[in-house]
file coords09.txt (compact mmCIF, C-alpha atoms)
# COMPACT_ATOMS: atom_id res chain seq x y z
CA MET A 1 -8.42 16.90 -0.31
CA TYR A 2 -8.25 14.58 2.67
CA GLY A 3 -4.99 12.76 3.31
CA ILE A 4 -3.81 9.92 5.52
CA ASP A 5 -4.21 10.51 9.26
CA LEU A 6 -0.75 9.97 10.74
CA ASN A 7 -2.03 10.23 14.33
CA SER A 8 -4.16 7.10 13.94
CA PRO A 9 -3.07 3.46 13.54
CA ILE A 10 -1.93 2.47 10.04
CA GLU A 11 -2.14 -1.20 9.13
CA TYR A 12 0.30 -2.49 6.51
CA LEU A 13 -1.22 -5.28 4.39
CA TYR A 14 1.04 -6.18 1.45
CA SER A 15 3.18 -4.65 -1.27
CA SER A 16 5.07 -5.41 -4.47
CA MET A 17 6.83 -3.85 -7.42
CA ARG A 18 4.77 -3.70 -10.62
CA TYR A 19 5.97 -3.34 -14.22
CA PHE A 20 3.59 -2.46 -17.06
CA ALA A 21 4.04 -3.75 -20.59
CA PRO A 22 3.93 -1.16 -23.41
CA ASN A 23 0.37 0.22 -23.85
CA GLU A 24 -0.90 -1.74 -20.84
CA LYS A 25 -3.83 -0.18 -18.97
CA HIS A 26 -4.59 0.04 -15.26
CA VAL A 27 -6.99 -2.63 -13.98
CA ASN A 28 -10.70 -1.79 -13.58
CA ARG A 29 -11.72 -2.41 -9.97
CA VAL A 30 -13.12 -1.22 -6.67
CA CYS A 31 -10.45 -1.76 -4.02
CA ASN A 32 -11.34 -1.74 -0.32
CA ASP A 33 -7.79 -0.79 0.75
CA GLU A 34 -5.83 2.41 0.62
CA VAL A 35 -3.12 1.90 -2.05
CA LEU A 36 0.10 3.91 -2.08
CA VAL A 37 1.62 4.04 -5.58
CA LEU A 38 5.22 5.26 -5.98
CA VAL A 39 6.30 5.60 -9.62
CA TYR A 40 10.03 5.45 -10.38
CA GLN A 41 9.94 5.00 -14.17
CA GLY A 42 7.48 5.82 -16.96
CA VAL A 43 3.99 7.24 -16.47
CA LEU A 44 1.01 5.52 -14.83
CA ARG A 45 -2.46 6.62 -15.97
CA PHE A 46 -5.77 5.68 -14.37
CA CYS A 47 -9.19 7.07 -13.55
CA GLU A 48 -10.39 7.24 -9.92
CA ASP A 49 -14.08 7.97 -9.30
CA GLY A 50 -14.28 9.66 -12.70
CA LYS A 51 -11.15 11.81 -12.32
CA GLU A 52 -8.14 11.14 -14.54
CA TYR A 53 -4.69 10.87 -12.95
CA GLU A 54 -1.22 10.77 -14.50
CA ILE A 55 1.57 9.80 -12.09
CA SER A 56 5.11 10.31 -13.41
CA ARG A 57 8.61 9.37 -12.27
CA GLY A 58 9.27 10.68 -8.76
CA GLU A 59 5.58 11.14 -7.95
CA TYR A 60 3.21 9.25 -5.65
CA HIS A 61 -0.55 8.89 -5.28
CA ILE A 62 -2.70 7.22 -2.63
CA GLN A 63 -5.76 5.58 -4.15
CA ARG A 64 -8.71 5.97 -1.81
CA ALA A 65 -10.29 2.85 -0.28
CA GLY A 66 -13.64 2.11 -1.92
CA SER A 67 -12.95 4.24 -5.00
CA ARG A 68 -13.78 2.98 -8.47
CA GLN A 69 -10.60 2.76 -10.55
CA ALA A 70 -10.41 2.30 -14.31
CA GLY A 71 -7.76 2.18 -17.00
CA ASN A 72 -9.26 4.37 -19.68
CA LEU A 73 -5.91 5.32 -21.20
CA ALA A 74 -2.77 3.28 -21.77
CA SER A 75 0.18 4.00 -19.50
CA ASP A 76 3.77 4.66 -20.62
CA SER A 77 5.45 1.46 -19.38
CA PRO A 78 5.52 2.50 -15.71
CA LYS A 79 7.49 0.77 -12.98
CA TYR A 80 6.25 1.40 -9.47
CA LEU A 81 5.83 0.08 -5.96
CA TYR A 82 2.31 -0.36 -4.64
CA VAL A 83 1.43 -0.81 -0.97
CA HIS A 84 -1.98 -1.86 0.31
CA PHE A 85 -2.82 -0.62 3.81
CA LYS A 86 -5.65 0.43 6.11
CA ALA A 87 -5.78 3.95 7.55
CA LYS A 88 -8.07 6.82 8.44
CA ARG A 89 -8.38 9.91 6.26
CA CYS A 90 -8.20 13.43 7.67
CA HIS A 91 -7.37 17.02 6.78
CA GLY A 92 -4.64 19.05 8.47
CA GLU A 93 -0.95 19.26 9.31
CA VAL A 94 -0.75 15.70 10.68
CA CYS A 95 -2.00 14.24 7.41
CA LEU A 96 -0.01 12.93 4.47
CA ALA A 97 -1.26 14.54 1.25
CA PRO A 98 -2.95 12.06 -1.12
CA SER A 99 -0.46 12.90 -3.87
CA GLY A 100 2.89 14.60 -4.26
CA SER A 101 6.53 14.10 -5.17
CA PHE A 102 9.39 12.21 -3.56
CA ASP A 103 13.16 12.09 -3.66
CA LEU A 104 13.83 9.11 -5.93
CA GLY A 105 17.43 8.67 -4.80
CA GLU A 106 16.33 8.59 -1.18
CA LEU A 107 13.25 6.39 -1.51
CA LEU A 108 14.16 3.86 -4.20
CA PRO A 109 16.43 1.80 -1.86
CA LEU A 110 13.55 1.58 0.66
CA MET A 111 11.12 0.63 -2.09
CA GLU A 112 13.45 -2.13 -3.27
CA GLU A 113 13.96 -3.31 0.32
CA LEU A 114 10.23 -3.52 0.96
CA ASP A 115 9.71 -5.44 -2.27
CA LEU A 116 12.47 -7.89 -1.33
CA LEU A 117 11.03 -8.41 2.17
CA SER A 118 7.56 -8.92 0.72
CA HIS A 119 8.72 -11.74 -1.56
CA ASN A 120 11.00 -13.43 1.00
CA LYS A 121 8.33 -13.99 3.65
CA ALA A 122 10.12 -11.71 6.07
CA PRO A 123 8.58 -11.01 9.50
CA LEU A 124 5.72 -8.54 9.31
CA ILE A 125 7.42 -6.13 11.68
CA GLN A 126 10.31 -5.67 9.24
CA LYS A 127 7.96 -4.78 6.41
CA ILE A 128 6.01 -2.41 8.67
CA ALA A 129 9.25 -0.67 9.69
CA VAL A 130 10.27 -0.02 6.07
CA PHE A 131 6.75 1.11 5.12
CA TYR A 132 6.71 3.58 8.02
CA SER A 133 10.10 4.89 6.91
CA ILE A 134 8.65 5.54 3.44
CA LEU A 135 5.64 7.37 4.90
CA THR A 136 7.92 9.47 7.13
CA LYS A 137 10.07 10.56 4.18
CA LEU A 138 6.98 11.39 2.09
CA LEU A 139 5.67 13.54 4.94
CA LYS A 140 9.00 15.34 5.28
CA LYS A 141 9.13 16.02 1.53
CA ASN A 142 5.57 17.38 1.53
CA LYS A 143 6.28 19.63 4.50
CA GLU A 144 9.31 21.07 2.72
CA HIS A 145 7.15 21.89 -0.30
CA GLY A 146 4.63 23.47 2.06
CA ILE A 147 7.36 25.70 3.45
CA ALA A 148 8.38 26.82 -0.05
CA GLU A 149 4.75 27.72 -0.80
CA SER A 150 4.51 29.62 2.50
CA ILE A 151 7.62 31.60 1.59
CA ALA A 152 6.14 32.43 -1.82
CA ASP A 153 2.87 33.56 -0.19
CA TYR A 154 4.80 35.76 2.25
CA ILE A 155 6.72 37.34 -0.63
CA ARG A 156 3.51 38.09 -2.55
CA ASP A 157 1.85 39.60 0.53
CA ASN A 158 4.84 41.80 1.35
CA LEU A 159 6.20 42.50 -2.12
CA HIS A 160 6.49 46.27 -1.60
CA ASP A 161 8.48 45.86 1.61
CA SER A 162 12.24 45.42 1.79
CA ILE A 163 12.39 41.62 1.71
CA ASN A 164 15.79 39.96 1.50
CA LEU A 165 17.20 36.54 2.31
CA GLU A 166 17.91 37.52 5.92
CA THR A 167 14.25 38.54 6.33
CA LEU A 168 13.06 35.13 5.09
CA CYS A 169 15.55 33.22 7.28
CA LYS A 170 14.34 35.02 10.40
CA ARG A 171 10.72 34.62 9.44
CA PHE A 172 10.90 30.87 8.71
CA HIS A 173 13.77 29.91 11.05
CA PHE A 174 16.01 28.28 8.46
CA SER A 175 19.55 28.89 7.24
CA LYS A 176 20.15 30.78 3.99
CA ASN A 177 21.20 27.65 2.10
CA HIS A 178 18.15 25.71 3.30
CA VAL A 179 15.74 28.47 2.30
CA ILE A 180 17.36 28.76 -1.14
CA ASN A 181 17.38 24.99 -1.73
CA LEU A 182 13.78 24.47 -0.57
CA PHE A 183 12.49 27.33 -2.68
CA LYS A 184 14.51 26.49 -5.79
CA SER A 185 13.43 22.85 -5.74
CA LYS A 186 9.79 24.00 -5.82
CA TYR A 187 9.90 27.05 -8.12
CA GLY A 188 13.16 26.74 -10.05
CA LEU A 189 14.20 30.20 -8.79
CA THR A 190 15.93 31.55 -5.71
CA PRO A 191 13.72 33.66 -3.42
CA ILE A 192 15.46 36.84 -4.63
CA GLN A 193 14.92 35.91 -8.28
CA PHE A 194 11.25 35.23 -7.45
CA ILE A 195 10.91 38.62 -5.73
CA ASN A 196 12.40 40.41 -8.74
CA GLN A 197 10.17 38.45 -11.11
CA LYS A 198 7.00 39.41 -9.24
CA LYS A 199 8.04 43.07 -9.00
CA LEU A 200 8.78 43.16 -12.72
CA GLU A 201 5.40 41.62 -13.53
CA GLU A 202 3.68 44.32 -11.49
CA CYS A 203 5.73 47.03 -13.18
CA GLU A 204 4.80 45.67 -16.59
CA TYR A 205 1.12 45.86 -15.66
CA TYR A 206 1.34 49.53 -14.64
CA LEU A 207 3.46 50.41 -17.66
CA GLU A 208 0.68 49.02 -19.82
CA VAL A 209 -2.40 50.46 -18.08
CA THR A 210 -1.16 53.82 -16.72
CA SER A 211 0.76 56.85 -17.98
CA GLN A 212 3.01 56.99 -14.91
CA SER A 213 6.72 57.30 -15.57
CA ALA A 214 8.75 54.10 -15.48
CA GLU A 215 10.76 55.48 -12.58
CA ASP A 216 7.67 56.20 -10.47
CA ILE A 217 6.29 52.76 -11.24
CA ALA A 218 9.55 51.06 -10.29
CA PHE A 219 9.63 52.72 -6.86
CA SER A 220 5.91 52.15 -6.24
CA CYS A 221 6.38 48.43 -6.97
CA GLY A 222 9.12 48.03 -4.40
CA PHE A 223 12.39 48.57 -6.27
CA ASN A 224 14.92 50.51 -4.21
CA SER A 225 16.65 51.98 -7.26
CA TYR A 226 15.60 52.72 -10.82
CA SER A 227 18.90 51.43 -12.18
CA HIS A 228 18.27 47.99 -10.63
CA PHE A 229 14.80 47.86 -12.16
CA TYR A 230 16.14 49.05 -15.53
CA ARG A 231 18.86 46.37 -15.67
CA LEU A 232 16.39 43.60 -14.86
CA PHE A 233 13.84 44.91 -17.36
CA LEU A 234 16.46 45.19 -20.10
CA LYS A 235 17.69 41.66 -19.42
CA LYS A 236 14.16 40.25 -19.64
CA HIS A 237 12.82 42.18 -22.63
CA GLY A 238 15.93 43.29 -24.52
CA MET A 239 14.64 46.86 -24.62
CA SER A 240 14.04 49.80 -22.29
CA PRO A 241 10.73 50.25 -20.41
CA ALA A 242 9.92 53.24 -22.65
CA ALA A 243 10.52 51.23 -25.83
CA TRP A 244 8.49 48.31 -24.47
CA ARG A 245 5.58 50.63 -23.62
CA SER A 246 5.72 52.26 -27.06
CA LYS A 247 5.65 48.85 -28.69
CA LEU A 248 2.49 47.97 -26.74
CA ILE A 249 0.78 51.21 -27.71
CA SER A 250 1.61 50.75 -31.41
CA ARG A 251 0.07 47.29 -31.63
call {"tool": "encode", "arguments": {"input": "coords09.txt", "output": "structure tokens"}}
result
Amino acid sequence: MYGIDLNSPIEYLYSSMRYFAPNEKHVNRVCNDEVLVLVYQGVLRFCEDGKEYEISRGEYHIQRAGSRQAGNLASDSPKYLYVHFKAKRCHGEVCLAPSGSFDLGELLPLMEELDLLSHNKAPLIQKIAVFYSILTKLLKKNKEHGIAESIADYIRDNLHDSINLETLCKRFHFSKNHVINLFKSKYGLTPIQFINQKKLEECEYYLEVTSQSAEDIAFSCGFNSYSHFYRLFLKKHGMSPAAWRSKLISR
């Protein structure tokens, strides 16, 4: 989906915090501006050009200029900042994705600052500066998630090779801690845990559909030792590969 072109001029218009009452619905409208919505409490629900959206705490969405928006479902008492602006849409690395997540601890002070400036008739340049800071942090957050996805893709494509943390650091030019933190924030696992998970899933498939020995399967799926595979399998299933296979056959 096309995002906001960050290589073209972006015109800030106005912004404000918004609090929904219980069971309140989004307004029905066609808005001619781009609208950035940053939710920091509750859940905001609305329909945009026939597609339903649900934006939760720590998530953002940019409503497209000219889209038809409707409140078909009640929201869960959301609190959010909305910003109206003018911008071009594009697709590529220099674009801000139309939806994603944000670091609430990092962005909430900027959101509150922009709201305060908006209601105190502050100079436009001050409001623009804060808005640009918000866009910059959203872009950085989205790029970090893109890196985590790239790491996951690399792991899947090279699962049978000897991939370790050092391999990933050299490949993506980040420190070990940064790679671990980026990946864990996206997938809830370290890269090594993810590698083991994917190898185990492949082993389980071949245990089910072939008559190969568990040891042969483990090595063919990229495990360097059968004992390592066995320990991980036992931890996940509470039984040996042979017992697991027998249980499948007897079903």
call {"tool": "closest_residue", "arguments": {"input": "coords09.txt", "among": "A:Lys25, A:Lys127, A:Lys236, A:Arg68", "to": "Glu48 of chain A", "atoms": "only C-alpha atoms"}}
result
A:Arg68
call {"tool": "closest_residue", "arguments": {"input": "coords09.txt", "among": "A:Asp153, A:Glu166, A:Glu24, A:Glu11", "to": "His84 of chain A", "atoms": "all atoms listed in the file"}}
result
A:Glu11
call {"tool": "residues_around", "arguments": {"input": "coords09.txt", "residues": "Leu96 of chain A", "least_positions_apart": "6", "cutoff": "7 Å", "atoms": "all atoms listed in the file", "output": "compact mmCIF listing (two decimals) with C-alpha atoms, in the coordinates of the input"}}
result
# COMPACT_ATOMS: atom_id res chain seq x y z
CA GLY A 3 -4.99 12.76 3.31
CA ILE A 4 -3.81 9.92 5.52
CA ASP A 5 -4.21 10.51 9.26
CA LEU A 6 -0.75 9.97 10.74
CA LEU A 139 5.67 13.54 4.94
call {"tool": "residues_near_point", "arguments": {"input": "coords09.txt", "point": "(3.4, 17.3, 7.0)", "cutoff": "12 Å", "atoms": "all atoms listed in the file", "output": "list in words"}}
result
Gly3, Ile4, Asp5, Leu6, Asn7, His91, Gly92, Glu93, Val94, Cys95, Leu96, Ala97, Pro98, Gly100, Leu135, Thr136, Lys137, Leu138, Leu139, Lys140, Lys141, Asn142, Lys143, Glu144, His145, Gly146 and Ile147 of chain A
call {"tool": "atom_distance", "arguments": {"input": "coords09.txt", "atom1": "atom CA of Ala122 of chain A", "atom2": "atom CA of Tyr14 of chain A"}}
result
11.6 Å
call {"tool": "atom_distance", "arguments": {"input": "coords09.txt", "atom1": "atom CA of Tyr80 of chain A", "atom2": "atom CA of Pro9 of chain A"}}
result
24.9 Å
call {"tool": "decode", "arguments": {"input": "coords09.txt", "residues": "segment 82-97 of chain A", "atoms": "all heavy atoms", "output": "PDB file, in the first residue's frame"}}
result
ATOM      1  N   TYR A  82      -4.784  13.308  16.593  1.00  0.00           N
ATOM      2  CA  TYR A  82      -4.958  13.319  15.150  1.00  0.00           C
ATOM      3  C   TYR A  82      -4.280  14.560  14.583  1.00  0.00           C
ATOM      4  O   TYR A  82      -4.252  15.616  15.208  1.00  0.00           O
ATOM      5  CB  TYR A  82      -6.433  13.263  14.746  1.00  0.00           C
ATOM      6  CG  TYR A  82      -7.252  14.476  15.123  1.00  0.00           C
ATOM      7  CD1 TYR A  82      -7.289  15.606  14.294  1.00  0.00           C
ATOM      8  CD2 TYR A  82      -8.013  14.502  16.283  1.00  0.00           C
ATOM      9  CE1 TYR A  82      -8.050  16.724  14.624  1.00  0.00           C
ATOM     10  CE2 TYR A  82      -8.778  15.605  16.612  1.00  0.00           C
ATOM     11  CZ  TYR A  82      -8.795  16.710  15.784  1.00  0.00           C
ATOM     12  OH  TYR A  82      -9.536  17.808  16.118  1.00  0.00           O
ATOM     13  N   VAL A  83      -3.687  14.391  13.402  1.00  0.00           N
ATOM     14  CA  VAL A  83      -2.997  15.492  12.724  1.00  0.00           C
ATOM     15  C   VAL A  83      -3.464  15.532  11.273  1.00  0.00           C
ATOM     16  O   VAL A  83      -3.311  14.551  10.539  1.00  0.00           O
ATOM     17  CB  VAL A  83      -1.463  15.314  12.759  1.00  0.00           C
ATOM     18  CG1 VAL A  83      -0.791  16.548  12.146  1.00  0.00           C
ATOM     19  CG2 VAL A  83      -0.954  15.074  14.173  1.00  0.00           C
ATOM     20  N   HIS A  84      -4.019  16.665  10.866  1.00  0.00           N
ATOM     21  CA  HIS A  84      -4.393  16.872   9.471  1.00  0.00           C
ATOM     22  C   HIS A  84      -3.206  17.492   8.732  1.00  0.00           C
ATOM     23  O   HIS A  84      -2.582  18.435   9.222  1.00  0.00           O
ATOM     24  CB  HIS A  84      -5.601  17.798   9.367  1.00  0.00           C
ATOM     25  CG  HIS A  84      -6.894  17.145   9.733  1.00  0.00           C
ATOM     26  ND1 HIS A  84      -7.918  16.972   8.831  1.00  0.00           N
ATOM     27  CD2 HIS A  84      -7.326  16.605  10.908  1.00  0.00           C
ATOM     28  CE1 HIS A  84      -8.938  16.367   9.433  1.00  0.00           C
ATOM     29  NE2 HIS A  84      -8.604  16.139  10.703  1.00  0.00           N
ATOM     30  N   PHE A  85      -2.917  16.960   7.543  1.00  0.00           N
ATOM     31  CA  PHE A  85      -1.791  17.500   6.768  1.00  0.00           C
ATOM     32  C   PHE A  85      -1.995  17.196   5.289  1.00  0.00           C
ATOM     33  O   PHE A  85      -2.854  16.395   4.909  1.00  0.00           O
ATOM     34  CB  PHE A  85      -0.465  16.934   7.274  1.00  0.00           C
ATOM     35  CG  PHE A  85      -0.301  15.443   7.102  1.00  0.00           C
ATOM     36  CD1 PHE A  85       0.465  14.920   6.071  1.00  0.00           C
ATOM     37  CD2 PHE A  85      -0.899  14.545   7.981  1.00  0.00           C
ATOM     38  CE1 PHE A  85       0.623  13.549   5.911  1.00  0.00           C
ATOM     39  CE2 PHE A  85      -0.740  13.172   7.839  1.00  0.00           C
ATOM     40  CZ  PHE A  85       0.012  12.673   6.792  1.00  0.00           C
ATOM     41  N   LYS A  86      -1.200  17.827   4.458  1.00  0.00           N
ATOM     42  CA  LYS A  86      -1.198  17.591   3.017  1.00  0.00           C
ATOM     43  C   LYS A  86       0.138  16.959   2.638  1.00  0.00           C
ATOM     44  O   LYS A  86       1.195  17.403   3.097  1.00  0.00           O
ATOM     45  CB  LYS A  86      -1.372  18.906   2.240  1.00  0.00           C
ATOM     46  CG  LYS A  86      -2.674  19.648   2.512  1.00  0.00           C
ATOM     47  CD  LYS A  86      -3.868  18.957   1.880  1.00  0.00           C
ATOM     48  CE  LYS A  86      -5.133  19.815   2.010  1.00  0.00           C
ATOM     49  NZ  LYS A  86      -6.320  19.134   1.449  1.00  0.00           N
ATOM     50  N   ALA A  87       0.089  15.932   1.807  1.00  0.00           N
ATOM     51  CA  ALA A  87       1.313  15.257   1.384  1.00  0.00           C
ATOM     52  C   ALA A  87       1.031  14.423   0.151  1.00  0.00           C
ATOM     53  O   ALA A  87      -0.121  14.144  -0.182  1.00  0.00           O
ATOM     54  CB  ALA A  87       1.863  14.384   2.511  1.00  0.00           C
ATOM     55  N   LYS A  88       2.108  14.021  -0.527  1.00  0.00           N
ATOM     56  CA  LYS A  88       1.992  13.100  -1.647  1.00  0.00           C
ATOM     57  C   LYS A  88       2.120  11.673  -1.140  1.00  0.00           C
ATOM     58  O   LYS A  88       2.764  11.415  -0.130  1.00  0.00           O
ATOM     59  CB  LYS A  88       3.089  13.378  -2.681  1.00  0.00           C
ATOM     60  CG  LYS A  88       2.924  14.688  -3.426  1.00  0.00           C
ATOM     61  CD  LYS A  88       4.024  14.840  -4.468  1.00  0.00           C
ATOM     62  CE  LYS A  88       3.861  16.146  -5.244  1.00  0.00           C
ATOM     63  NZ  LYS A  88       4.943  16.318  -6.253  1.00  0.00           N
ATOM     64  N   ARG A  89       1.506  10.755  -1.864  1.00  0.00           N
ATOM     65  CA  ARG A  89       1.636   9.326  -1.554  1.00  0.00           C
ATOM     66  C   ARG A  89       2.633   8.700  -2.530  1.00  0.00           C
ATOM     67  O   ARG A  89       2.753   9.126  -3.681  1.00  0.00           O
ATOM     68  CB  ARG A  89       0.288   8.630  -1.673  1.00  0.00           C
ATOM     69  CG  ARG A  89      -0.725   9.037  -0.607  1.00  0.00           C
ATOM     70  CD  ARG A  89      -0.753   8.043   0.509  1.00  0.00           C
ATOM     71  NE  ARG A  89      -1.654   8.428   1.600  1.00  0.00           N
ATOM     72  CZ  ARG A  89      -2.083   7.584   2.521  1.00  0.00           C
ATOM     73  NH1 ARG A  89      -1.711   6.319   2.485  1.00  0.00           N
ATOM     74  NH2 ARG A  89      -2.875   7.984   3.497  1.00  0.00           N
ATOM     75  N   CYS A  90       3.342   7.688  -2.054  1.00  0.00           N
ATOM     76  CA  CYS A  90       4.295   6.988  -2.910  1.00  0.00           C
ATOM     77  C   CYS A  90       4.508   5.582  -2.365  1.00  0.00           C
ATOM     78  O   CYS A  90       3.949   5.201  -1.341  1.00  0.00           O
ATOM     79  CB  CYS A  90       5.624   7.739  -2.979  1.00  0.00           C
ATOM     80  SG  CYS A  90       6.613   7.643  -1.453  1.00  0.00           S
ATOM     81  N   HIS A  91       5.364   4.829  -3.051  1.00  0.00           N
ATOM     82  CA  HIS A  91       5.699   3.474  -2.618  1.00  0.00           C
ATOM     83  C   HIS A  91       7.208   3.316  -2.708  1.00  0.00           C
ATOM     84  O   HIS A  91       7.811   3.617  -3.726  1.00  0.00           O
ATOM     85  CB  HIS A  91       5.008   2.434  -3.502  1.00  0.00           C
ATOM     86  CG  HIS A  91       5.288   1.023  -3.093  1.00  0.00           C
ATOM     87  ND1 HIS A  91       4.755   0.468  -1.956  1.00  0.00           N
ATOM     88  CD2 HIS A  91       6.074   0.066  -3.646  1.00  0.00           C
ATOM     89  CE1 HIS A  91       5.176  -0.777  -1.842  1.00  0.00           C
ATOM     90  NE2 HIS A  91       5.990  -1.047  -2.855  1.00  0.00           N
ATOM     91  N   GLY A  92       7.841   2.878  -1.618  1.00  0.00           N
ATOM     92  CA  GLY A  92       9.286   2.694  -1.627  1.00  0.00           C
ATOM     93  C   GLY A  92       9.904   2.974  -0.279  1.00  0.00           C
ATOM     94  O   GLY A  92       9.210   3.193   0.720  1.00  0.00           O
ATOM     95  N   GLU A  93      11.242   2.984  -0.237  1.00  0.00           N
ATOM     96  CA  GLU A  93      11.970   3.114   1.020  1.00  0.00           C
ATOM     97  C   GLU A  93      11.848   4.497   1.640  1.00  0.00           C
ATOM     98  O   GLU A  93      12.043   4.659   2.835  1.00  0.00           O
ATOM     99  CB  GLU A  93      13.447   2.773   0.809  1.00  0.00           C
ATOM    100  CG  GLU A  93      13.692   1.306   0.483  1.00  0.00           C
ATOM    101  CD  GLU A  93      15.163   0.977   0.396  1.00  0.00           C
ATOM    102  OE1 GLU A  93      15.980   1.906   0.562  1.00  0.00           O
ATOM    103  OE2 GLU A  93      15.495  -0.193   0.149  1.00  0.00           O
ATOM    104  N   VAL A  94      11.567   5.531   0.819  1.00  0.00           N
ATOM    105  CA  VAL A  94      11.477   6.891   1.348  1.00  0.00           C
ATOM    106  C   VAL A  94      10.057   7.225   1.770  1.00  0.00           C
ATOM    107  O   VAL A  94       9.736   8.383   2.000  1.00  0.00           O
ATOM    108  CB  VAL A  94      11.977   7.925   0.315  1.00  0.00           C
ATOM    109  CG1 VAL A  94      13.467   7.754   0.068  1.00  0.00           C
ATOM    110  CG2 VAL A  94      11.187   7.820  -0.983  1.00  0.00           C
ATOM    111  N   CYS A  95       9.209   6.235   1.862  1.00  0.00           N
ATOM    112  CA  CYS A  95       7.816   6.466   2.237  1.00  0.00           C
ATOM    113  C   CYS A  95       7.546   5.962   3.656  1.00  0.00           C
ATOM    114  O   CYS A  95       8.105   4.958   4.081  1.00  0.00           O
ATOM    115  CB  CYS A  95       6.880   5.757   1.274  1.00  0.00           C
ATOM    116  SG  CYS A  95       6.950   6.424  -0.390  1.00  0.00           S
ATOM    117  N   LEU A  96       6.675   6.678   4.337  1.00  0.00           N
ATOM    118  CA  LEU A  96       6.207   6.234   5.652  1.00  0.00           C
ATOM    119  C   LEU A  96       4.994   5.350   5.443  1.00  0.00           C
ATOM    120  O   LEU A  96       4.016   5.761   4.803  1.00  0.00           O
ATOM    121  CB  LEU A  96       5.845   7.443   6.518  1.00  0.00           C
ATOM    122  CG  LEU A  96       5.234   7.133   7.886  1.00  0.00           C
ATOM    123  CD1 LEU A  96       6.224   6.356   8.760  1.00  0.00           C
ATOM    124  CD2 LEU A  96       4.796   8.414   8.592  1.00  0.00           C
ATOM    125  N   ALA A  97       5.049   4.124   5.963  1.00  0.00           N
ATOM    126  CA  ALA A  97       3.942   3.177   5.799  1.00  0.00           C
ATOM    127  C   ALA A  97       2.643   3.779   6.330  1.00  0.00           C
ATOM    128  O   ALA A  97       2.652   4.533   7.310  1.00  0.00           O
ATOM    129  CB  ALA A  97       4.258   1.878   6.543  1.00  0.00           C
TER     130      ALA A  97
END
